[in-house]
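The structure file target-v8.txt is reproduced below (compact mmCIF, C-alpha atoms).
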```txt
# COMPACT_ATOMS: atom_id res chain seq x y z
CA MET A 1450 0.00 0.00 0.00
CA LEU A 1451 2.65 2.44 1.03
CA ILE A 1452 4.69 2.00 -2.14
CA GLN A 1453 1.70 2.87 -4.36
CA ILE A 1454 1.00 6.02 -2.37
CA GLN A 1455 4.69 6.81 -2.56
CA ILE A 1456 4.76 6.55 -6.34
CA ILE A 1457 1.53 8.50 -6.84
CA VAL A 1458 2.48 11.29 -4.45
CA GLY A 1459 5.98 11.39 -5.88
CA MET A 1460 4.75 11.74 -9.43
CA LEU A 1461 2.11 14.31 -8.54
CA SER A 1462 4.48 16.46 -6.54
CA PHE A 1463 7.05 16.28 -9.31
CA ALA A 1464 4.34 17.36 -11.75
CA LEU A 1465 3.37 20.20 -9.41
CA LEU A 1466 6.96 21.43 -9.31
CA LEU A 1467 7.22 21.21 -13.08
CA ILE A 1468 3.93 23.05 -13.66
CA THR A 1469 4.84 25.79 -11.20
CA PHE A 1470 8.20 26.29 -12.85
CA GLU A 1471 6.66 26.37 -16.29
CA LEU A 1472 4.06 28.92 -15.20
CA ILE A 1473 6.73 31.24 -13.80
CA ARG A 1474 8.80 30.82 -16.94
CA LYS A 1475 5.88 31.85 -19.11
CA GLU A 1476 5.22 34.74 -16.74
CA ARG A 1477 1.74 33.48 -16.01
CA LEU A 1478 2.55 33.19 -12.30
CA ARG A 1479 4.18 35.96 -10.32
CA GLU A 1480 7.14 35.03 -8.15
CA GLU A 1481 5.36 36.17 -5.04
CA TYR A 1482 2.78 33.43 -5.46
CA SER A 1483 5.21 30.80 -6.63
CA LEU A 1484 7.22 30.36 -3.41
CA LEU A 1485 4.40 28.53 -1.62
CA TRP A 1486 3.84 26.24 -4.56
CA LEU A 1487 7.48 25.33 -4.92
CA PHE A 1488 7.57 24.69 -1.17
CA THR A 1489 4.49 22.44 -1.33
CA GLY A 1490 6.03 20.51 -4.20
CA VAL A 1491 9.27 19.98 -2.34
CA VAL A 1492 7.50 18.84 0.85
CA THR A 1493 5.25 16.33 -0.90
CA LEU A 1494 8.21 15.06 -2.87
CA ALA A 1495 10.14 14.58 0.37
CA PHE A 1496 7.10 12.79 1.77
CA SER A 1497 7.14 10.32 -1.08
CA LEU A 1498 10.89 9.77 -0.90
CA TRP A 1499 11.11 9.22 2.87
CA PRO A 1500 7.60 8.15 3.96
CA GLU A 1501 8.92 6.16 6.93
CA PHE A 1502 10.25 9.31 8.50
CA PHE A 1503 7.03 11.22 8.06
CA LEU A 1504 4.73 8.35 8.96
CA SER A 1505 6.53 6.52 11.73
CA GLN A 1506 8.41 9.36 13.34
CA PHE A 1507 6.75 12.62 12.65
CA ILE A 1508 3.03 12.34 12.05
CA THR A 1509 2.49 9.22 14.13
CA ARG A 1510 3.95 10.88 17.14
CA ILE A 1511 1.72 13.91 16.75
CA THR A 1512 -1.56 12.41 15.63
CA GLY A 1513 -1.34 8.65 15.94
CA ILE A 1514 -2.24 8.21 12.29
CA PHE A 1515 -0.11 5.60 10.58
CA TYR A 1516 -2.20 5.03 7.48
CA LEU A 1517 -2.97 7.76 4.96
CA SER A 1518 -5.77 7.12 2.56
CA ALA A 1519 -4.67 7.51 -1.03
CA VAL A 1520 -8.05 9.00 -1.87
CA VAL A 1521 -7.57 11.81 0.59
CA VAL A 1522 -4.14 12.53 -0.81
CA ILE A 1523 -5.37 12.64 -4.38
CA ALA A 1524 -8.38 14.81 -3.50
CA PHE A 1525 -6.03 17.12 -1.65
CA LEU A 1526 -3.73 17.39 -4.64
CA PHE A 1527 -6.66 18.24 -6.90
CA LEU A 1528 -7.61 21.01 -4.52
CA LEU A 1529 -4.05 22.20 -4.77
CA LEU A 1530 -4.38 22.38 -8.55
CA ILE A 1531 -7.52 24.47 -8.25
CA VAL A 1532 -5.89 26.91 -5.88
CA LEU A 1533 -2.88 27.05 -8.17
CA HIS A 1534 -5.22 28.08 -10.94
CA PHE A 1535 -6.53 30.86 -8.72
CA SER A 1536 -2.99 32.08 -8.20
CA VAL A 1537 -2.54 32.30 -11.96
CA VAL A 1538 -5.75 34.28 -12.28
CA ILE A 1539 -4.77 36.67 -9.50
CA SER A 1540 -1.37 37.17 -11.13
CA LYS A 1541 -3.05 38.12 -14.37
CA LEU A 1542 -5.50 40.46 -12.64
CA THR A 1543 -2.70 42.15 -10.71
CA ASN A 1544 -0.88 42.83 -13.93
CA GLN A 1545 -3.99 44.18 -15.61
CA THR A 1546 -4.73 46.42 -12.63
CA LYS A 1547 -1.20 47.78 -12.77
CA GLU A 1548 -1.52 48.57 -16.47
CA LEU A 1549 -4.86 50.26 -15.85
CA ALA A 1550 -3.54 52.36 -12.98
CA GLN A 1551 -0.57 53.51 -15.08
CA ARG A 1552 -2.76 54.32 -18.06
CA TYR A 1553 -5.22 56.20 -15.85
CA ALA A 1554 -2.44 58.28 -14.30
CA LEU A 1555 -0.91 59.07 -17.70
CA LEU A 1556 -4.25 60.16 -19.11
CA GLU A 1557 -5.00 62.30 -16.06
CA LEU A 1558 -1.67 64.08 -16.41
CA GLU A 1559 -2.28 64.54 -20.12
CA LEU A 1560 -5.68 66.07 -19.40
CA LYS A 1561 -4.30 68.42 -16.76
CA GLU A 1562 -1.53 69.61 -19.05
CA PHE A 1563 -4.04 70.08 -21.85
CA LYS A 1564 -6.33 72.15 -19.62
CA LYS A 1565 -3.37 74.24 -18.53
CA ARG A 1566 -2.50 75.06 -22.14
CA ASN A 1567 -6.13 75.56 -23.25
CA PRO A 1568 -8.16 77.05 -20.42
CA PRO A 1569 -11.90 76.61 -20.99
CA PRO A 1570 -13.43 79.75 -22.54
CA THR A 1571 -16.16 79.95 -19.89
CA GLU A 1572 -13.61 80.75 -17.20
CA THR A 1573 -12.38 84.32 -16.87
CA MET B 677 25.62 66.39 -23.78
CA LYS B 678 24.35 66.69 -27.30
CA SER B 679 21.97 69.52 -27.93
CA GLY B 680 18.40 68.74 -28.92
CA GLU B 681 18.23 65.68 -26.67
CA LYS B 682 15.09 65.55 -24.62
CA ILE B 683 15.86 64.44 -21.10
CA LEU B 684 13.33 63.37 -18.50
CA VAL B 685 14.18 62.89 -14.84
CA VAL B 686 11.82 60.36 -13.25
CA ILE B 687 11.44 60.59 -9.49
CA PRO B 688 9.41 57.75 -7.97
CA ALA B 689 8.12 58.76 -4.55
CA TYR B 690 5.99 57.12 -1.91
CA ASN B 691 5.32 59.27 1.15
CA GLU B 692 8.48 61.33 0.68
CA GLY B 693 6.90 64.72 1.46
CA GLU B 694 9.83 65.67 3.67
CA SER B 695 12.56 65.19 1.12
CA VAL B 696 10.91 65.62 -2.24
CA GLU B 697 11.31 69.39 -2.56
CA LYS B 698 15.03 69.25 -1.93
CA VAL B 699 15.44 66.48 -4.49
CA ILE B 700 13.53 68.47 -7.10
CA LEU B 701 15.49 71.67 -6.44
CA ASP B 702 18.79 69.76 -6.65
CA VAL B 703 17.80 68.07 -9.90
CA ARG B 704 16.87 71.42 -11.35
CA ARG B 705 20.13 72.97 -10.23
CA TYR B 706 22.38 70.27 -11.71
CA ILE B 707 20.49 69.49 -14.88
CA ALA B 708 18.49 72.56 -15.75
CA GLU B 709 17.52 71.55 -19.29
CA ALA B 710 15.69 68.38 -18.26
CA ASP B 711 12.00 67.97 -17.62
CA ILE B 712 11.15 66.51 -14.24
CA LEU B 713 8.40 63.97 -13.65
CA LEU B 714 7.49 62.93 -10.14
CA VAL B 715 5.63 59.64 -9.98
CA ASN B 716 3.52 59.74 -6.86
CA ASP B 717 2.96 56.10 -5.97
CA GLY B 718 -0.27 56.56 -4.05
CA SER B 719 1.26 58.61 -1.24
CA THR B 720 -0.97 59.48 1.70
CA ASP B 721 1.05 62.57 2.65
CA LEU B 722 1.76 65.85 0.89
CA THR B 723 4.28 64.44 -1.60
CA SER B 724 2.13 65.23 -4.61
CA ASP B 725 1.13 68.77 -3.52
CA ARG B 726 4.65 69.77 -2.62
CA ALA B 727 6.03 68.49 -5.90
CA ARG B 728 3.30 70.26 -7.86
CA ARG B 729 4.08 73.52 -6.07
CA CYS B 730 7.63 73.25 -7.46
CA GLY B 731 6.07 73.47 -10.91
CA ILE B 732 7.13 70.07 -12.21
CA LEU B 733 5.11 67.33 -13.90
CA VAL B 734 3.38 65.09 -11.39
CA LEU B 735 2.00 61.68 -12.28
CA ASP B 736 -0.44 60.56 -9.60
CA LEU B 737 -0.99 56.81 -9.51
CA PRO B 738 -4.46 56.04 -8.12
CA PHE B 739 -3.03 53.61 -5.56
CA ASN B 740 0.29 52.19 -4.47
CA LEU B 741 1.81 49.99 -7.18
CA GLY B 742 5.22 49.49 -5.63
CA ILE B 743 8.52 50.77 -6.95
CA GLY B 744 8.41 48.64 -10.11
CA GLY B 745 5.00 49.89 -11.23
CA ALA B 746 5.83 53.50 -10.36
CA VAL B 747 9.12 53.57 -12.25
CA GLN B 748 7.54 51.85 -15.23
CA ALA B 749 4.81 54.51 -15.35
CA GLY B 750 7.63 57.07 -15.64
CA TYR B 751 9.21 55.13 -18.49
CA LYS B 752 5.85 54.92 -20.23
CA TYR B 753 5.55 58.69 -20.04
CA ALA B 754 9.09 59.10 -21.37
CA TYR B 755 8.36 56.72 -24.22
CA GLU B 756 5.09 58.34 -25.25
CA LYS B 757 6.47 61.86 -25.09
CA GLY B 758 9.50 60.96 -27.17
CA TYR B 759 12.25 61.55 -24.63
CA SER B 760 15.65 60.30 -25.72
CA ILE B 761 17.06 59.89 -22.22
CA ALA B 762 15.35 59.01 -18.94
CA ILE B 763 17.07 59.36 -15.59
CA GLN B 764 15.81 57.63 -12.46
CA VAL B 765 16.37 59.40 -9.14
CA ASP B 766 14.83 58.21 -5.88
CA GLY B 767 12.51 60.64 -4.14
CA ASP B 768 13.96 59.95 -0.72
CA GLY B 769 17.11 61.97 -1.30
CA GLN B 770 19.37 58.95 -1.30
CA HIS B 771 20.70 59.81 -4.74
CA ASP B 772 22.57 63.06 -5.19
CA PRO B 773 21.42 64.85 -8.37
CA LYS B 774 24.90 66.38 -8.54
CA GLU B 775 26.03 62.99 -9.90
CA ILE B 776 23.61 62.97 -12.84
CA PRO B 777 26.18 64.43 -15.30
CA LYS B 778 28.44 61.45 -14.51
CA LEU B 779 25.67 59.06 -15.55
CA LEU B 780 25.10 60.98 -18.77
CA GLU B 781 28.82 60.96 -19.46
CA VAL B 782 28.98 57.17 -19.15
CA LEU B 783 25.91 56.86 -21.35
CA GLU B 784 27.49 58.96 -24.05
CA LYS B 785 31.20 58.14 -23.85
CA GLU B 786 30.96 54.40 -23.25
CA LYS B 787 28.15 54.04 -25.81
CA VAL B 788 26.05 51.99 -23.42
CA ASP B 789 22.28 51.82 -23.32
CA MET B 790 21.97 52.23 -19.58
CA ALA B 791 24.27 53.81 -17.01
CA ILE B 792 24.00 52.67 -13.40
CA GLY B 793 25.15 54.88 -10.54
CA SER B 794 27.27 52.65 -8.31
CA ARG B 795 28.03 53.23 -4.64
CA PHE B 796 30.82 50.71 -4.66
CA LEU B 797 32.79 51.74 -7.73
CA GLY B 798 35.82 53.94 -7.16
CA ASN B 799 36.48 55.68 -3.89
CA THR B 800 32.95 56.44 -2.85
CA GLU B 801 32.07 55.89 0.75
CA TYR B 802 28.86 54.24 1.67
CA ARG B 803 27.75 52.67 4.87
CA SER B 804 25.02 50.11 5.24
CA SER B 805 24.10 47.23 7.49
CA VAL B 806 26.10 44.00 7.41
CA MET B 807 23.14 41.99 6.13
CA ARG B 808 22.53 44.48 3.36
CA ARG B 809 26.19 44.40 2.34
CA LEU B 810 26.29 40.62 2.40
CA GLY B 811 23.17 40.53 0.27
CA ILE B 812 24.65 42.98 -2.20
CA THR B 813 27.91 41.00 -2.39
CA ILE B 814 26.00 37.84 -3.27
CA PHE B 815 23.85 39.67 -5.85
CA CYS B 816 26.93 41.15 -7.45
CA GLY B 817 28.48 37.71 -7.82
CA VAL B 818 25.37 36.06 -9.23
CA ILE B 819 24.37 38.94 -11.48
CA SER B 820 27.87 39.63 -12.77
CA THR B 821 28.14 35.93 -13.68
CA ILE B 822 24.81 35.91 -15.50
CA VAL B 823 25.48 39.17 -17.29
CA GLY B 824 29.12 38.37 -18.03
CA GLN B 825 30.19 41.83 -16.93
CA LYS B 826 31.13 43.24 -13.56
CA ILE B 827 28.15 45.01 -12.04
CA THR B 828 29.18 46.39 -8.67
CA ASP B 829 25.83 47.80 -7.58
CA PRO B 830 22.88 45.97 -9.14
CA THR B 831 20.41 47.21 -6.50
CA SER B 832 21.06 50.85 -7.31
CA GLY B 833 18.00 52.66 -8.62
CA PHE B 834 20.06 55.65 -9.76
CA ARG B 835 20.14 55.16 -13.52
CA ALA B 836 20.15 56.83 -16.89
CA ALA B 837 18.63 55.06 -19.88
CA ASN B 838 18.60 55.77 -23.60
CA ARG B 839 15.67 55.52 -25.96
CA LYS B 840 16.04 51.78 -26.58
CA VAL B 841 15.89 51.02 -22.86
CA ILE B 842 13.00 53.45 -22.38
CA GLN B 843 11.09 51.55 -25.04
CA LEU B 844 11.88 48.19 -23.44
CA PHE B 845 10.99 49.31 -19.91
CA ALA B 846 7.77 50.97 -21.05
CA SER B 847 6.42 47.57 -22.04
CA ASN B 848 8.50 45.27 -19.83
CA TYR B 849 9.66 46.17 -16.36
CA PRO B 850 10.14 43.77 -13.45
CA GLN B 851 7.67 44.43 -10.66
CA ASP B 852 8.80 42.77 -7.49
CA TYR B 853 12.52 43.48 -7.25
CA PRO B 854 12.98 45.74 -10.24
CA GLU B 855 16.58 46.94 -10.02
CA PRO B 856 18.57 43.70 -10.09
CA GLU B 857 16.04 42.03 -12.36
CA ALA B 858 16.15 44.90 -14.83
CA VAL B 859 19.91 44.38 -15.20
CA VAL B 860 19.36 40.74 -16.15
CA LEU B 861 16.51 41.73 -18.48
CA LEU B 862 18.73 44.24 -20.27
CA HIS B 863 21.45 41.65 -20.74
CA ARG B 864 18.93 39.19 -22.17
CA CYS B 865 17.84 41.84 -24.66
CA HIS B 866 21.48 42.35 -25.72
CA LEU B 867 21.56 45.92 -24.43
CA LYS B 868 24.76 47.28 -22.93
CA MET B 869 25.28 48.62 -19.44
CA GLY B 870 27.93 50.74 -17.81
CA GLU B 871 28.56 52.01 -14.31
CA ALA B 872 29.48 55.38 -12.95
CA PRO B 873 30.88 55.89 -9.45
CA VAL B 874 28.48 58.02 -7.44
CA ALA B 875 28.17 59.09 -3.84
CA MET B 876 24.94 58.13 -2.14
CA SER B 877 23.84 59.69 1.07
CA VAL B 878 21.86 58.31 3.92
CA ARG B 879 18.16 58.84 3.39
CA TYR B 880 16.81 62.23 4.39
CA ALA B 881 13.48 60.96 5.55
CA GLY B 882 11.05 58.10 5.24
CA GLU B 883 11.76 54.42 5.58
CA SER B 884 13.75 52.21 3.30
CA SER B 885 11.64 49.65 1.52
CA ILE B 886 14.02 47.03 2.89
CA THR B 887 14.31 46.83 6.65
CA LYS B 888 17.05 44.90 8.41
CA ILE B 889 14.83 41.99 9.37
CA LYS B 890 13.58 41.55 5.84
CA SER B 891 17.05 41.66 4.27
CA ALA B 892 17.66 37.91 4.30
CA TYR B 893 14.16 37.16 3.03
CA TYR B 894 14.56 39.80 0.34
CA MET B 895 17.86 38.27 -0.72
CA VAL B 896 16.44 34.78 -1.16
CA LYS B 897 13.45 36.08 -3.09
CA VAL B 898 15.51 38.24 -5.42
CA LEU B 899 17.95 35.44 -6.16
CA LEU B 900 15.06 33.11 -6.91
CA ALA B 901 13.41 35.72 -9.11
CA ILE B 902 16.64 36.34 -10.99
CA LEU B 903 17.39 32.67 -11.54
CA VAL B 904 13.88 31.99 -12.79
CA GLY B 905 14.16 35.18 -14.85
CA CYS B 906 16.95 33.56 -16.84
CA PHE B 907 14.44 31.05 -18.20
CA LYS B 908 11.76 33.57 -19.10
CA LYS B 909 10.88 34.27 -22.67
CA ARG B 910 12.83 37.19 -24.02
CA PRO B 911 10.59 40.18 -24.70
CA SER B 912 10.67 41.25 -28.32
CA LEU B 913 11.76 44.81 -29.01
```
Represent the structure contained in this file as structure tokens.
Amino acid sequence: MLIQIQIIVGMLSFALLLITFELIRKERLREEYSLLWLFTGVVTLAFSLWPEFFLSQFITRITGIFYLSAVVVIAFLFLLLIVLHFSVVISKLTNQTKELAQRYALLELELKEFKKRNPPPTET
Amino acid sequence: MKSGEKILVVIPAYNEGESVEKVILDVRRYIAEADILLVNDGSTDLTSDRARRCGILVLDLPFNLGIGGAVQAGYKYAYEKGYSIAIQVDGDGQHDPKEIPKLLEVLEKEKVDMAIGSRFLGNTEYRSSVMRRLGITIFCGVISTIVGQKITDPTSGFRAANRKVIQLFASNYPQDYPEPEAVVLLHRCHLKMGEAPVAMSVRYAGESSITKIKSAYYMVKVLLAILVGCFKKRPSL
């Protein structure tokens, strides 16, 4: 049982690391959001490489659980993917907001300078 | 300096009401022919009013974008208004406008696309915390290796850029840790950089965006950003 979980978790966490890296490379994920994802990938990878340590030493001592359901792990990883998608969306929105703010400021300055050069005729 | 060149001095400022007037007056004294644009990065103090009273251009961002977004807004203005040279000077008074001619000299004489004002080149004195210095030493090593050229002060935001760099930065400027990342970006776009030794003073007022405690965290994040940056797609000019 453990070896199957090991392989699945190992492959998924490796995929997570790869996807995260690829997203940063394509600039679809901002660095500020990527740290957590890289960290998660590394931890789950470590979990699959040394499960004895995590199961017999670490988690057992804290919670008494010695058997992790593969279903729970997979469901959890899917949730991770969804949240990762959210991070990508937020990155995109942040960038769009930045562009909008800059454009707004530039237009406002342009308008002010224009008004300064051409005062409205109604004003005396 | 060649005549007929349009020069814009970009001053990003976030809550620098105490120091901004002195910076503007100094810039005007040492480079009278340039236009000055203050980018107010959503300040909550009198930065914008005080700058406007000096009679310079003021670009008010609707909210705080961070140094990357503010500086890029300045480059966008420079690009759209056809400036041939843009100079970046911090609004906190850290950079001495007296040194601007040195940047322009490097830009012109060394035929580089961007001149960086370096605290550590030549006999300039500069004091900073141990963590900060350690961080800068590591950056210098990593960045100089990537760029294949000795860059002594990659975190310096005291810079002069020509039209090509203005165009690049207007559409592509790093947001999170802009100064060191911009150096790598320039190298990836095959643009040349040079350094000029400048004196930098301790800040007049305000707080540095990097506090002591955050230095180590900052260092790790910047290095990560730079290393990943090497794999990013090169922006087309």
* When you get a sec, could you note down which chain B residues fall within 12 Å of chain A, using all atoms listed in the file, as an MDAnalysis selection string? => chainID B and resid 713:718 728 731:757 846:853 893:894 896:911
* Work out how far CA of Ala892 (chain B) is from CA of Gly1490 (chain A), in Å to one decimal. => 22.6 Å
* Asked: In Å to one decimal, how far is CA of Thr1493 (chain A) from CA of Ile1457 (chain A)?
  ->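 Computing it gives 10.5 Å between the two atoms.
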* Polymer residues at most 10 Å from Leu780 (chain B), all atoms listed in the file, same-chain spacing of 6 or more positions, as a list in words ->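 Close residues of Leu780 (chain B): Met677, Ile761, Ala762, Ile763, Glu786, Met790, Ala791, Ile792, Arg835, Ala836, Ala837, Asn838 and Ala872 of chain B.
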* To do: To one decimal in Å, tell me the separation between CA of Leu684 (chain B) and CA of Ile776 (chain B).
  =>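 Interatomic distance here is 11.7 Å.
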* To do: Would you mind listing what lies within 8 Å of Asp772 (chain B) as a list in words, with only C-alpha atoms counted and same-chain residues fewer than 4 positions away left out?
  =>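 My reading of the contact set: Val699, Asp702, Ile776, Ala875, Met876 and Ser877 of chain B.
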* Could you give me, as a PyMOL selection string, the residues within 12 Å of Val703 (chain B), counting all atoms listed in the file and dropping anything in the same chain fewer than 6 positions from it? => chain B and resi 683-687+696-697+709-714+730+732+763-767+769+771-777
